$ cat input01.cif   # mmCIF, C-alpha atoms and all ligand atoms
data_coords
loop_
_atom_site.group_PDB
_atom_site.id
_atom_site.type_symbol
_atom_site.label_atom_id
_atom_site.label_comp_id
_atom_site.auth_asym_id
_atom_site.auth_seq_id
_atom_site.Cartn_x
_atom_site.Cartn_y
_atom_site.Cartn_z
ATOM 1 C CA MET H 1 101.190 111.006 123.142
ATOM 2 C CA GLU H 2 100.071 108.768 120.297
ATOM 3 C CA GLN H 3 98.666 105.465 121.525
ATOM 4 C CA LEU H 4 99.958 102.291 119.965
ATOM 5 C CA TYR H 5 97.599 99.363 119.775
ATOM 6 C CA VAL H 6 99.971 96.854 118.193
ATOM 7 C CA ASP H 7 103.707 97.080 118.718
ATOM 8 C CA LEU H 8 105.946 94.369 117.283
ATOM 9 C CA ARG H 9 109.491 94.922 118.434
ATOM 10 C CA ASN H 10 112.293 93.222 116.571
ATOM 11 C CA VAL H 11 110.165 90.130 116.046
ATOM 12 C CA SER H 12 111.524 86.988 114.379
ATOM 13 C CA LEU H 13 109.823 83.708 113.716
ATOM 14 C CA VAL H 14 111.384 80.411 112.706
ATOM 15 C CA TYR H 15 109.374 77.384 111.524
ATOM 16 C CA GLY H 16 110.688 73.858 112.091
ATOM 17 C CA ASP H 17 113.813 72.766 113.902
ATOM 18 C CA GLY H 18 117.195 71.186 113.248
ATOM 19 C CA ASP H 19 118.194 71.229 109.580
ATOM 20 C CA GLU H 20 114.638 71.979 108.519
ATOM 21 C CA GLN H 21 114.486 75.534 109.830
ATOM 22 C CA THR H 22 112.770 78.292 107.877
ATOM 23 C CA LEU H 23 113.181 81.883 108.968
ATOM 24 C CA ALA H 24 109.757 83.296 108.102
ATOM 25 C CA ILE H 25 109.957 86.723 109.773
ATOM 26 C CA ASP H 26 113.218 88.521 110.416
ATOM 27 C CA ARG H 27 113.533 91.265 113.049
ATOM 28 C CA LEU H 28 110.332 93.007 112.159
ATOM 29 C CA ASP H 29 109.202 96.265 113.764
ATOM 30 C CA LEU H 30 105.564 96.998 113.130
ATOM 31 C CA LYS H 31 103.420 99.529 114.910
ATOM 32 C CA VAL H 32 99.721 100.171 114.522
ATOM 33 C CA ARG H 33 98.196 103.168 116.255
ATOM 34 C CA GLU H 34 94.829 103.061 117.976
ATOM 35 C CA GLY H 35 92.180 103.464 115.298
ATOM 36 C CA GLU H 36 94.666 103.117 112.452
ATOM 37 C CA PHE H 37 93.991 100.911 109.422
ATOM 38 C CA VAL H 38 97.161 99.240 108.145
ATOM 39 C CA ALA H 39 97.427 96.969 105.112
ATOM 40 C CA VAL H 40 100.246 94.464 104.657
ATOM 41 C CA VAL H 41 101.194 93.342 101.167
ATOM 42 C CA GLY H 42 104.127 91.458 99.705
ATOM 43 C CA PRO H 43 105.138 88.587 97.468
ATOM 44 C CA SER H 44 103.656 85.183 98.075
ATOM 45 C CA GLY H 45 105.222 83.409 101.046
ATOM 46 C CA CYS H 46 106.642 86.603 102.568
ATOM 47 C CA GLY H 47 105.099 85.857 105.942
ATOM 48 C CA LYS H 48 101.805 87.763 105.925
ATOM 49 C CA SER H 49 99.774 84.985 107.531
ATOM 50 C CA THR H 50 102.569 84.352 110.008
ATOM 51 C CA LEU H 51 102.413 88.009 110.945
ATOM 52 C CA MET H 52 98.684 87.698 111.638
ATOM 53 C CA LYS H 53 99.326 84.760 113.958
ATOM 54 C CA LEU H 54 102.052 86.677 115.785
ATOM 55 C CA VAL H 55 99.822 89.712 116.330
ATOM 56 C CA THR H 56 96.931 87.616 117.652
ATOM 57 C CA GLY H 57 99.235 85.667 119.947
ATOM 58 C CA LEU H 58 98.560 82.331 118.231
ATOM 59 C CA LEU H 59 102.299 81.936 117.583
ATOM 60 C CA PRO H 60 104.893 83.106 120.110
ATOM 61 C CA PRO H 61 107.847 84.928 118.488
ATOM 62 C CA ASP H 62 111.287 83.286 118.540
ATOM 63 C CA GLY H 63 112.949 86.664 118.893
ATOM 64 C CA GLY H 64 111.703 90.082 120.019
ATOM 65 C CA ALA H 65 108.293 90.682 121.536
ATOM 66 C CA VAL H 66 104.706 91.533 120.663
ATOM 67 C CA PHE H 67 102.966 94.223 122.702
ATOM 68 C CA ILE H 68 99.221 94.800 122.497
ATOM 69 C CA GLN H 69 98.002 97.988 124.169
ATOM 70 C CA GLY H 70 101.352 98.240 125.885
ATOM 71 C CA ARG H 71 101.153 94.750 127.382
ATOM 72 C CA LYS H 72 103.403 91.936 126.270
ATOM 73 C CA ALA H 73 101.389 89.174 124.602
ATOM 74 C CA THR H 74 101.998 85.780 126.145
ATOM 75 C CA GLY H 75 99.065 83.855 124.627
ATOM 76 C CA PRO H 76 95.996 84.396 122.473
ATOM 77 C CA VAL H 77 95.108 88.084 122.545
ATOM 78 C CA MET H 78 91.636 89.085 123.723
ATOM 79 C CA GLY H 79 89.524 91.744 122.063
ATOM 80 C CA VAL H 80 90.407 90.809 118.499
ATOM 81 C CA GLY H 81 87.932 90.233 115.680
ATOM 82 C CA MET H 82 89.084 88.108 112.766
ATOM 83 C CA ALA H 83 87.832 87.437 109.265
ATOM 84 C CA PHE H 84 89.500 85.191 106.720
ATOM 85 C CA GLN H 85 89.179 84.454 103.031
ATOM 86 C CA ASN H 86 86.824 81.541 103.416
ATOM 87 C CA SER H 87 83.884 82.576 105.448
ATOM 88 C CA THR H 88 83.813 80.427 108.547
ATOM 89 C CA LEU H 89 80.100 80.751 109.224
ATOM 90 C CA LEU H 90 78.654 77.698 110.917
ATOM 91 C CA PRO H 91 76.326 76.011 108.399
ATOM 92 C CA TRP H 92 73.795 74.875 110.988
ATOM 93 C CA ARG H 93 73.231 78.359 112.361
ATOM 94 C CA SER H 94 71.221 81.202 110.840
ATOM 95 C CA THR H 95 72.982 84.418 109.833
ATOM 96 C CA LEU H 96 71.789 86.122 113.013
ATOM 97 C CA SER H 97 72.858 83.241 115.183
ATOM 98 C CA ASN H 98 76.295 83.186 113.527
ATOM 99 C CA VAL H 99 76.726 86.888 114.137
ATOM 100 C CA MET H 100 75.713 86.386 117.779
ATOM 101 C CA LEU H 101 78.514 83.865 118.334
ATOM 102 C CA PRO H 102 81.066 86.248 119.895
ATOM 103 C CA PHE H 103 78.497 87.132 122.568
ATOM 104 C CA GLU H 104 78.422 83.462 123.549
ATOM 105 C CA LEU H 105 82.203 83.209 123.682
ATOM 106 C CA VAL H 106 83.666 86.537 124.752
ATOM 107 C CA GLN H 107 83.402 88.087 128.205
ATOM 108 C CA PRO H 108 81.798 90.194 129.583
ATOM 109 C CA HIS H 109 79.037 89.391 127.064
ATOM 110 C CA ARG H 110 79.020 85.693 127.766
ATOM 111 C CA LYS H 111 77.836 86.090 131.326
ATOM 112 C CA ARG H 112 75.353 88.847 130.418
ATOM 113 C CA LEU H 113 73.875 87.142 127.366
ATOM 114 C CA ARG H 114 71.111 85.092 128.914
ATOM 115 C CA ARG H 115 69.638 87.906 130.992
ATOM 116 C CA ASN H 116 70.040 90.488 128.253
ATOM 117 C CA ALA H 117 69.264 88.355 125.218
ATOM 118 C CA ASP H 118 66.911 90.911 123.630
ATOM 119 C CA GLU H 119 69.477 93.665 123.864
ATOM 120 C CA TYR H 120 72.134 91.475 122.203
ATOM 121 C CA VAL H 121 69.805 90.283 119.447
ATOM 122 C CA GLU H 122 68.926 93.901 118.761
ATOM 123 C CA LYS H 123 72.596 94.829 118.551
ATOM 124 C CA ALA H 124 73.315 92.034 116.058
ATOM 125 C CA ARG H 125 70.237 92.925 114.008
ATOM 126 C CA ARG H 126 71.257 96.589 113.871
ATOM 127 C CA LEU H 127 74.662 95.601 112.543
ATOM 128 C CA LEU H 128 73.101 93.297 109.933
ATOM 129 C CA ASP H 129 70.856 96.192 108.963
ATOM 130 C CA THR H 130 73.823 98.550 108.388
ATOM 131 C CA VAL H 131 75.309 96.072 105.902
ATOM 132 C CA GLY H 132 71.967 95.369 104.183
ATOM 133 C CA LEU H 133 71.536 91.842 105.524
ATOM 134 C CA LEU H 134 68.661 92.240 107.929
ATOM 135 C CA GLU H 135 66.164 90.465 105.706
ATOM 136 C CA PHE H 136 68.569 87.504 105.590
ATOM 137 C CA ALA H 137 68.943 87.277 109.363
ATOM 138 C CA ASP H 138 67.029 83.997 109.539
ATOM 139 C CA LYS H 139 68.582 82.399 106.457
ATOM 140 C CA PHE H 140 71.361 79.842 106.679
ATOM 141 C CA PRO H 141 74.828 80.514 105.224
ATOM 142 C CA TRP H 142 74.194 78.223 102.263
ATOM 143 C CA GLU H 143 71.192 80.345 101.354
ATOM 144 C CA LEU H 144 73.427 83.434 100.982
ATOM 145 C CA SER H 145 75.660 84.487 98.087
ATOM 146 C CA GLY H 146 79.441 84.509 98.642
ATOM 147 C CA GLY H 147 79.402 88.286 99.096
ATOM 148 C CA MET H 148 76.596 88.092 101.657
ATOM 149 C CA GLN H 149 78.437 85.376 103.553
ATOM 150 C CA GLN H 150 81.505 87.567 103.742
ATOM 151 C CA ARG H 151 79.389 90.499 104.903
ATOM 152 C CA ALA H 152 78.008 88.326 107.689
ATOM 153 C CA ASN H 153 81.514 87.103 108.441
ATOM 154 C CA VAL H 154 82.776 90.661 108.937
ATOM 155 C CA CYS H 155 79.697 91.456 111.060
ATOM 156 C CA ARG H 156 80.520 88.504 113.278
ATOM 157 C CA ALA H 157 84.094 89.736 113.631
ATOM 158 C CA LEU H 158 82.868 93.187 114.706
ATOM 159 C CA VAL H 159 79.613 92.654 116.610
ATOM 160 C CA HIS H 160 81.281 92.724 120.029
ATOM 161 C CA GLU H 161 83.153 95.888 119.024
ATOM 162 C CA PRO H 162 86.698 94.586 119.312
ATOM 163 C CA LYS H 163 89.484 97.144 119.407
ATOM 164 C CA LEU H 164 91.417 95.270 116.724
ATOM 165 C CA LEU H 165 90.176 93.713 113.496
ATOM 166 C CA MET H 166 92.420 91.265 111.647
ATOM 167 C CA LEU H 167 91.523 90.657 108.019
ATOM 168 C CA ASP H 168 93.393 87.938 106.115
ATOM 169 C CA GLU H 169 92.481 88.107 102.413
ATOM 170 C CA PRO H 170 88.855 88.565 103.455
ATOM 171 C CA PHE H 171 87.464 89.341 100.001
ATOM 172 C CA GLY H 172 89.884 87.283 97.900
ATOM 173 C CA ALA H 173 87.305 84.757 96.731
ATOM 174 C CA LEU H 174 84.782 87.337 95.550
ATOM 175 C CA ASP H 175 84.224 88.884 92.136
ATOM 176 C CA ALA H 176 85.587 92.395 91.574
ATOM 177 C CA PHE H 177 82.254 94.226 91.957
ATOM 178 C CA THR H 178 81.277 92.477 95.163
ATOM 179 C CA ARG H 179 84.751 92.995 96.542
ATOM 180 C CA GLU H 180 84.526 96.734 95.969
ATOM 181 C CA GLU H 181 81.122 96.861 97.677
ATOM 182 C CA LEU H 182 82.708 95.183 100.673
ATOM 183 C CA TRP H 183 85.507 97.764 100.742
ATOM 184 C CA LEU H 184 82.829 100.402 101.183
ATOM 185 C CA MET H 185 81.134 98.374 103.894
ATOM 186 C CA THR H 186 84.422 97.856 105.739
ATOM 187 C CA GLN H 187 85.271 101.540 105.517
ATOM 188 C CA ALA H 188 81.836 102.505 106.840
ATOM 189 C CA LEU H 189 82.148 100.101 109.784
ATOM 190 C CA TRP H 190 85.645 101.358 110.536
ATOM 191 C CA MET H 191 84.529 104.994 110.479
ATOM 192 C CA LYS H 192 81.768 104.107 112.911
ATOM 193 C CA GLN H 193 83.665 101.887 115.342
ATOM 194 C CA ARG H 194 87.221 103.178 114.829
ATOM 195 C CA PHE H 195 88.926 99.888 115.616
ATOM 196 C CA SER H 196 92.582 99.367 114.700
ATOM 197 C CA SER H 197 92.959 97.019 111.778
ATOM 198 C CA ILE H 198 95.555 94.935 109.985
ATOM 199 C CA LEU H 199 94.524 93.790 106.536
ATOM 200 C CA VAL H 200 96.599 91.206 104.706
ATOM 201 C CA THR H 201 95.908 91.190 101.006
ATOM 202 C CA HIS H 202 97.310 90.463 97.551
ATOM 203 C CA ASP H 203 95.056 93.124 96.078
ATOM 204 C CA LEU H 204 97.045 96.366 96.010
ATOM 205 C CA ARG H 205 94.007 98.480 95.126
ATOM 206 C CA GLU H 206 92.196 97.016 98.117
ATOM 207 C CA ALA H 207 95.169 97.862 100.347
ATOM 208 C CA VAL H 208 95.341 101.464 99.138
ATOM 209 C CA PHE H 209 91.576 101.973 99.216
ATOM 210 C CA LEU H 210 91.159 100.793 102.789
ATOM 211 C CA ALA H 211 94.376 101.659 104.575
ATOM 212 C CA ASP H 212 95.850 104.712 106.221
ATOM 213 C CA ARG H 213 99.243 103.127 105.692
ATOM 214 C CA VAL H 214 100.441 100.250 103.497
ATOM 215 C CA ILE H 215 103.377 98.109 104.513
ATOM 216 C CA VAL H 216 105.289 96.109 101.925
ATOM 217 C CA LEU H 217 107.157 93.024 103.089
ATOM 218 C CA SER H 218 110.156 91.553 101.301
ATOM 219 C CA LYS H 219 110.174 87.955 100.151
ATOM 220 C CA ARG H 220 111.003 85.458 102.875
ATOM 221 C CA PRO H 221 112.223 86.229 105.464
ATOM 222 C CA GLY H 222 109.693 89.032 105.709
ATOM 223 C CA ARG H 223 111.089 92.494 106.452
ATOM 224 C CA ILE H 224 109.497 95.874 105.834
ATOM 225 C CA ILE H 225 110.804 97.334 102.579
ATOM 226 C CA LEU H 226 108.307 100.144 102.139
ATOM 227 C CA GLU H 227 105.828 102.010 104.305
ATOM 228 C CA ARG H 228 103.473 104.206 102.339
ATOM 229 C CA GLN H 229 101.081 106.643 103.950
ATOM 230 C CA VAL H 230 97.793 106.971 102.030
ATOM 231 C CA ASP H 231 96.638 110.544 102.431
ATOM 232 C CA ILE H 232 93.366 110.257 100.593
ATOM 233 C CA PRO H 233 90.531 111.861 102.558
ATOM 234 C CA ARG H 234 87.689 109.739 103.962
ATOM 235 C CA PRO H 235 85.118 108.606 103.347
ATOM 236 C CA ARG H 236 86.697 107.399 100.125
ATOM 237 C CA ALA H 237 84.375 106.766 97.192
ATOM 238 C CA LEU H 238 85.131 104.086 94.611
ATOM 239 C CA SER H 239 85.717 106.898 92.126
ATOM 240 C CA CYS H 240 88.902 107.794 94.012
ATOM 241 C CA THR H 241 90.468 104.622 92.589
ATOM 242 C CA PHE H 242 90.553 106.420 89.213
ATOM 243 C CA GLU H 243 92.352 109.469 90.600
ATOM 244 C CA PRO H 244 96.040 110.009 89.758
ATOM 245 C CA LEU H 245 97.165 109.941 93.420
ATOM 246 C CA PHE H 246 95.536 106.536 93.947
ATOM 247 C CA SER H 247 97.149 105.046 90.835
ATOM 248 C CA GLU H 248 100.479 106.582 91.772
ATOM 249 C CA ILE H 249 100.474 104.909 95.186
ATOM 250 C CA VAL H 250 99.368 101.538 93.768
ATOM 251 C CA HIS H 251 102.096 101.807 91.158
ATOM 252 C CA GLU H 252 104.777 102.658 93.720
ATOM 253 C CA ILE H 253 103.817 99.634 95.833
ATOM 254 C CA ARG H 254 103.659 97.326 92.821
ATOM 255 C CA GLU H 255 107.162 98.397 91.730
ATOM 256 C CA LYS H 256 108.504 97.619 95.187
ATOM 257 C CA ILE H 257 106.930 94.137 95.193
ATOM 258 C CA VAL H 258 108.276 93.363 91.728
ATOM 259 C CA GLU H 259 111.703 94.461 92.961
ATOM 260 C CA ALA H 260 111.301 92.302 96.089
ATOM 261 C CA ARG H 261 110.418 89.206 94.093
ATOM 262 C CA GLY H 262 113.780 89.614 92.329
HETATM 263 N N1 LIG U 1 104.178 75.415 109.511
HETATM 264 C C1 LIG U 1 105.186 75.775 108.696
HETATM 265 N N2 LIG U 1 106.332 75.051 108.614
HETATM 266 C C2 LIG U 1 107.340 75.435 107.814
HETATM 267 N N3 LIG U 1 107.333 76.524 107.043
HETATM 268 C C3 LIG U 1 106.226 77.283 107.062
HETATM 269 C C4 LIG U 1 105.086 76.954 107.880
HETATM 270 N N4 LIG U 1 104.135 77.888 107.682
HETATM 271 C C5 LIG U 1 104.648 78.760 106.794
HETATM 272 N N5 LIG U 1 105.909 78.400 106.431
HETATM 273 C C6 LIG U 1 106.789 79.108 105.491
HETATM 274 O O1 LIG U 1 106.999 80.431 106.020
HETATM 275 C C7 LIG U 1 106.855 81.409 104.997
HETATM 276 C C8 LIG U 1 105.791 82.414 105.362
HETATM 277 O O2 LIG U 1 104.512 81.766 105.305
HETATM 278 P P1 LIG U 1 103.143 82.594 105.351
HETATM 279 O O3 LIG U 1 102.039 81.622 105.217
HETATM 280 O O4 LIG U 1 103.160 83.478 106.522
HETATM 281 O O5 LIG U 1 103.296 83.478 104.021
HETATM 282 P P2 LIG U 1 102.222 84.378 103.276
HETATM 283 O O6 LIG U 1 102.910 85.668 102.949
HETATM 284 O O7 LIG U 1 100.968 84.459 104.062
HETATM 285 O O8 LIG U 1 101.981 83.539 101.963
HETATM 286 P P3 LIG U 1 100.874 83.713 100.801
HETATM 287 O O9 LIG U 1 100.988 85.123 100.325
HETATM 288 O O10 LIG U 1 101.300 82.725 99.780
HETATM 289 O O11 LIG U 1 99.560 83.391 101.448
HETATM 290 C C9 LIG U 1 106.527 80.669 103.707
HETATM 291 O O12 LIG U 1 107.659 80.661 102.898
HETATM 292 C C10 LIG U 1 106.127 79.267 104.138
HETATM 293 O O13 LIG U 1 106.618 78.310 103.232
#
$ encode --input "input01.cif" --output "structure tokens" --more "lines below"
Ligand SMILES: Nc1ncnc2c1ncn2[C@@H]1O[C@H](COP(=O)(O)OP(=O)(O)OP(=O)(O)O)[C@@H](O)[C@H]1O
Amino acid sequence: MEQLYVDLRNVSLVYGDGDEQTLAIDRLDLKVREGEFVAVVGPSGCGKSTLMKLVTGLLPPDGGAVFIQGRKATGPVMGVGMAFQNSTLLPWRSTLSNVMLPFELVQPHRKRLRRNADEYVEKARRLLDTVGLLEFADKFPWELSGGMQQRANVCRALVHEPKLLMLDEPFGALDAFTREELWLMTQALWMKQRFSSILVTHDLREAVFLADRVIVLSKRPGRIILERQVDIPRPRALSCTFEPLFSEIVHEIREKIVEARG
């Protein structure tokens, strides 16, 4: 039977109380299989960031329930890596030391770290090497370009090999060329580690390039108005973005969002 990693069942979320209530998410069903890469797109304010908080257990739903690996989430979910638009690297730590952070925070690494420091440093260095950052391991974030910082940010999210990676507009602040390089990096890491992933993005080409399935949310309150499977073989090269099938899918999603914005 197919294993679900994330299973949102009939989930609703309301912000505020009394007369000031805003229904942000309305009876949403969202399932992500183990190892599946799902992108969520939609008009501004449709509830994408809210969805991320629901999946990671940072916000409890007002209706329905969130299941992670078959267990109902009742608080912050363990085993999740996260990367956001603004890299959250700590400025006083080197790149390597930033990437090592999850080992200091997440069990079972935390209790093993001191005795097995060399092994963990090696693991972080190997990951930096795969994304071409090894020679910057000892530099500080402010000594790196925006693209490099985001590379390091994604490394930090993945170094402890979480089963779920949450990406909220991770490459939004980068120029188009750098962004596309980071798509390739993300795809390569995904093919290696096979985590499940939810990517929230405004960039429809990014969604189609990276995802197995793209979900389009309606304007507030967010509901799923389109689910589009992306059957483009992997590894995908940037040249596939010029293929008719790619453009067709992007176009179909764009039409749906335009329709949703009303
Ligand atoms: N703390 C809050 N209190 C009240 N309303 C909120 C709060 N946070 C978000 N909202 C509202 O809920 C809706 C969903 O917000 P959310 O940030 O999830 O949307 P989004 O799709 O991520 O937006 P964008 O695409 O602009 O980043 C928005 O209309 C927003 O105004």
$ resolve_selection --input "input01.cif" --expression "the PyMOL selection byres (((chain H and resi 138-153) around 10) and not hetatm)" --output "PDB file with C-alpha atoms, in the frame of the given file"
ATOM      1  CA  MET H  82      89.084  88.108 112.766  1.00  0.00           C
ATOM      2  CA  ALA H  83      87.832  87.437 109.265  1.00  0.00           C
ATOM      3  CA  PHE H  84      89.500  85.191 106.720  1.00  0.00           C
ATOM      4  CA  GLN H  85      89.179  84.454 103.031  1.00  0.00           C
ATOM      5  CA  ASN H  86      86.824  81.541 103.416  1.00  0.00           C
ATOM      6  CA  SER H  87      83.884  82.576 105.448  1.00  0.00           C
ATOM      7  CA  THR H  88      83.813  80.427 108.547  1.00  0.00           C
ATOM      8  CA  LEU H  89      80.100  80.751 109.224  1.00  0.00           C
ATOM      9  CA  LEU H  90      78.654  77.698 110.917  1.00  0.00           C
ATOM     10  CA  PRO H  91      76.326  76.011 108.399  1.00  0.00           C
ATOM     11  CA  TRP H  92      73.795  74.875 110.988  1.00  0.00           C
ATOM     12  CA  ARG H  93      73.231  78.359 112.361  1.00  0.00           C
ATOM     13  CA  SER H  94      71.221  81.202 110.840  1.00  0.00           C
ATOM     14  CA  THR H  95      72.982  84.418 109.833  1.00  0.00           C
ATOM     15  CA  LEU H  96      71.789  86.122 113.013  1.00  0.00           C
ATOM     16  CA  SER H  97      72.858  83.241 115.183  1.00  0.00           C
ATOM     17  CA  ASN H  98      76.295  83.186 113.527  1.00  0.00           C
ATOM     18  CA  VAL H  99      76.726  86.888 114.137  1.00  0.00           C
ATOM     19  CA  LEU H 127      74.662  95.601 112.543  1.00  0.00           C
ATOM     20  CA  LEU H 128      73.101  93.297 109.933  1.00  0.00           C
ATOM     21  CA  VAL H 131      75.309  96.072 105.902  1.00  0.00           C
ATOM     22  CA  GLY H 132      71.967  95.369 104.183  1.00  0.00           C
ATOM     23  CA  LEU H 133      71.536  91.842 105.524  1.00  0.00           C
ATOM     24  CA  LEU H 134      68.661  92.240 107.929  1.00  0.00           C
ATOM     25  CA  GLU H 135      66.164  90.465 105.706  1.00  0.00           C
ATOM     26  CA  PHE H 136      68.569  87.504 105.590  1.00  0.00           C
ATOM     27  CA  ALA H 137      68.943  87.277 109.363  1.00  0.00           C
ATOM     28  CA  VAL H 154      82.776  90.661 108.937  1.00  0.00           C
ATOM     29  CA  CYS H 155      79.697  91.456 111.060  1.00  0.00           C
ATOM     30  CA  ARG H 156      80.520  88.504 113.278  1.00  0.00           C
ATOM     31  CA  ALA H 157      84.094  89.736 113.631  1.00  0.00           C
ATOM     32  CA  LEU H 158      82.868  93.187 114.706  1.00  0.00           C
ATOM     33  CA  PRO H 170      88.855  88.565 103.455  1.00  0.00           C
ATOM     34  CA  PHE H 171      87.464  89.341 100.001  1.00  0.00           C
ATOM     35  CA  ALA H 173      87.305  84.757  96.731  1.00  0.00           C
ATOM     36  CA  LEU H 174      84.782  87.337  95.550  1.00  0.00           C
ATOM     37  CA  ASP H 175      84.224  88.884  92.136  1.00  0.00           C
ATOM     38  CA  PHE H 177      82.254  94.226  91.957  1.00  0.00           C
ATOM     39  CA  THR H 178      81.277  92.477  95.163  1.00  0.00           C
ATOM     40  CA  ARG H 179      84.751  92.995  96.542  1.00  0.00           C
ATOM     41  CA  GLU H 181      81.122  96.861  97.677  1.00  0.00           C
ATOM     42  CA  LEU H 182      82.708  95.183 100.673  1.00  0.00           C
ATOM     43  CA  MET H 185      81.134  98.374 103.894  1.00  0.00           C
ATOM     44  CA  THR H 186      84.422  97.856 105.739  1.00  0.00           C
TER      45      THR H 186
END
$ closest_atom_pairs --input "input01.cif" --of "segment 202-261 of chain H" --to "segment 41-44 of chain H" --cutoff "7 Å" --atoms "all atoms listed in the file" --output "JSON lines"
{"residue": "H:His202", "atom": "CA", "partner": "H:Val41", "partner_atom": "CA", "distance": 6.0}
{"residue": "H:Ile215", "atom": "CA", "partner": "H:Val41", "partner_atom": "CA", "distance": 6.2}
{"residue": "H:Val216", "atom": "CA", "partner": "H:Val41", "partner_atom": "CA", "distance": 5.0}
{"residue": "H:Leu217", "atom": "CA", "partner": "H:Gly42", "partner_atom": "CA", "distance": 4.8}
{"residue": "H:Ser218", "atom": "CA", "partner": "H:Gly42", "partner_atom": "CA", "distance": 6.2}
{"residue": "H:Lys219", "atom": "CA", "partner": "H:Pro43", "partner_atom": "CA", "distance": 5.7}
{"residue": "H:Ile257", "atom": "CA", "partner": "H:Gly42", "partner_atom": "CA", "distance": 5.9}
{"residue": "H:Arg261", "atom": "CA", "partner": "H:Pro43", "partner_atom": "CA", "distance": 6.3}
$ atom_distance --input "input01.cif" --atom1 "atom CA of Ile25 of chain H" --atom2 "atom CA of Thr74 of chain H"
18.2 Å
$ residues_near_ligand --input "input01.cif" --ligand "ligand LIG 1 (chain U)" --cutoff "10 Å" --atoms "all atoms listed in the file" --output "mmCIF file with C-alpha atoms, in the coordinates of the input"
data_model
loop_
_atom_site.group_PDB
_atom_site.id
_atom_site.type_symbol
_atom_site.label_atom_id
_atom_site.label_comp_id
_atom_site.auth_asym_id
_atom_site.auth_seq_id
_atom_site.Cartn_x
_atom_site.Cartn_y
_atom_site.Cartn_z
ATOM 1 C CA LEU H 13 109.823 83.708 113.716
ATOM 2 C CA VAL H 14 111.384 80.411 112.706
ATOM 3 C CA TYR H 15 109.374 77.384 111.524
ATOM 4 C CA GLY H 16 110.688 73.858 112.091
ATOM 5 C CA ASP H 17 113.813 72.766 113.902
ATOM 6 C CA GLU H 20 114.638 71.979 108.519
ATOM 7 C CA GLN H 21 114.486 75.534 109.830
ATOM 8 C CA THR H 22 112.770 78.292 107.877
ATOM 9 C CA LEU H 23 113.181 81.883 108.968
ATOM 10 C CA ALA H 24 109.757 83.296 108.102
ATOM 11 C CA ILE H 25 109.957 86.723 109.773
ATOM 12 C CA VAL H 40 100.246 94.464 104.657
ATOM 13 C CA VAL H 41 101.194 93.342 101.167
ATOM 14 C CA GLY H 42 104.127 91.458 99.705
ATOM 15 C CA PRO H 43 105.138 88.587 97.468
ATOM 16 C CA SER H 44 103.656 85.183 98.075
ATOM 17 C CA GLY H 45 105.222 83.409 101.046
ATOM 18 C CA CYS H 46 106.642 86.603 102.568
ATOM 19 C CA GLY H 47 105.099 85.857 105.942
ATOM 20 C CA LYS H 48 101.805 87.763 105.925
ATOM 21 C CA SER H 49 99.774 84.985 107.531
ATOM 22 C CA THR H 50 102.569 84.352 110.008
ATOM 23 C CA LEU H 51 102.413 88.009 110.945
ATOM 24 C CA MET H 52 98.684 87.698 111.638
ATOM 25 C CA LYS H 53 99.326 84.760 113.958
ATOM 26 C CA LEU H 54 102.052 86.677 115.785
ATOM 27 C CA ASP H 168 93.393 87.938 106.115
ATOM 28 C CA GLU H 169 92.481 88.107 102.413
ATOM 29 C CA VAL H 200 96.599 91.206 104.706
ATOM 30 C CA THR H 201 95.908 91.190 101.006
ATOM 31 C CA HIS H 202 97.310 90.463 97.551
ATOM 32 C CA LEU H 217 107.157 93.024 103.089
ATOM 33 C CA SER H 218 110.156 91.553 101.301
ATOM 34 C CA LYS H 219 110.174 87.955 100.151
ATOM 35 C CA ARG H 220 111.003 85.458 102.875
ATOM 36 C CA PRO H 221 112.223 86.229 105.464
ATOM 37 C CA GLY H 222 109.693 89.032 105.709
#
$ atom_distance --input "input01.cif" --atom1 "atom CA of Met191 of chain H" --atom2 "atom CA of Gln107 of chain H"
24.5 Å
$ closest_residue --input "input01.cif" --among "H:Ile253, H:Val80, H:Ala237, H:Leu245" --to "Ala188 of chain H" --atoms "only C-alpha atoms"
H:Ala237
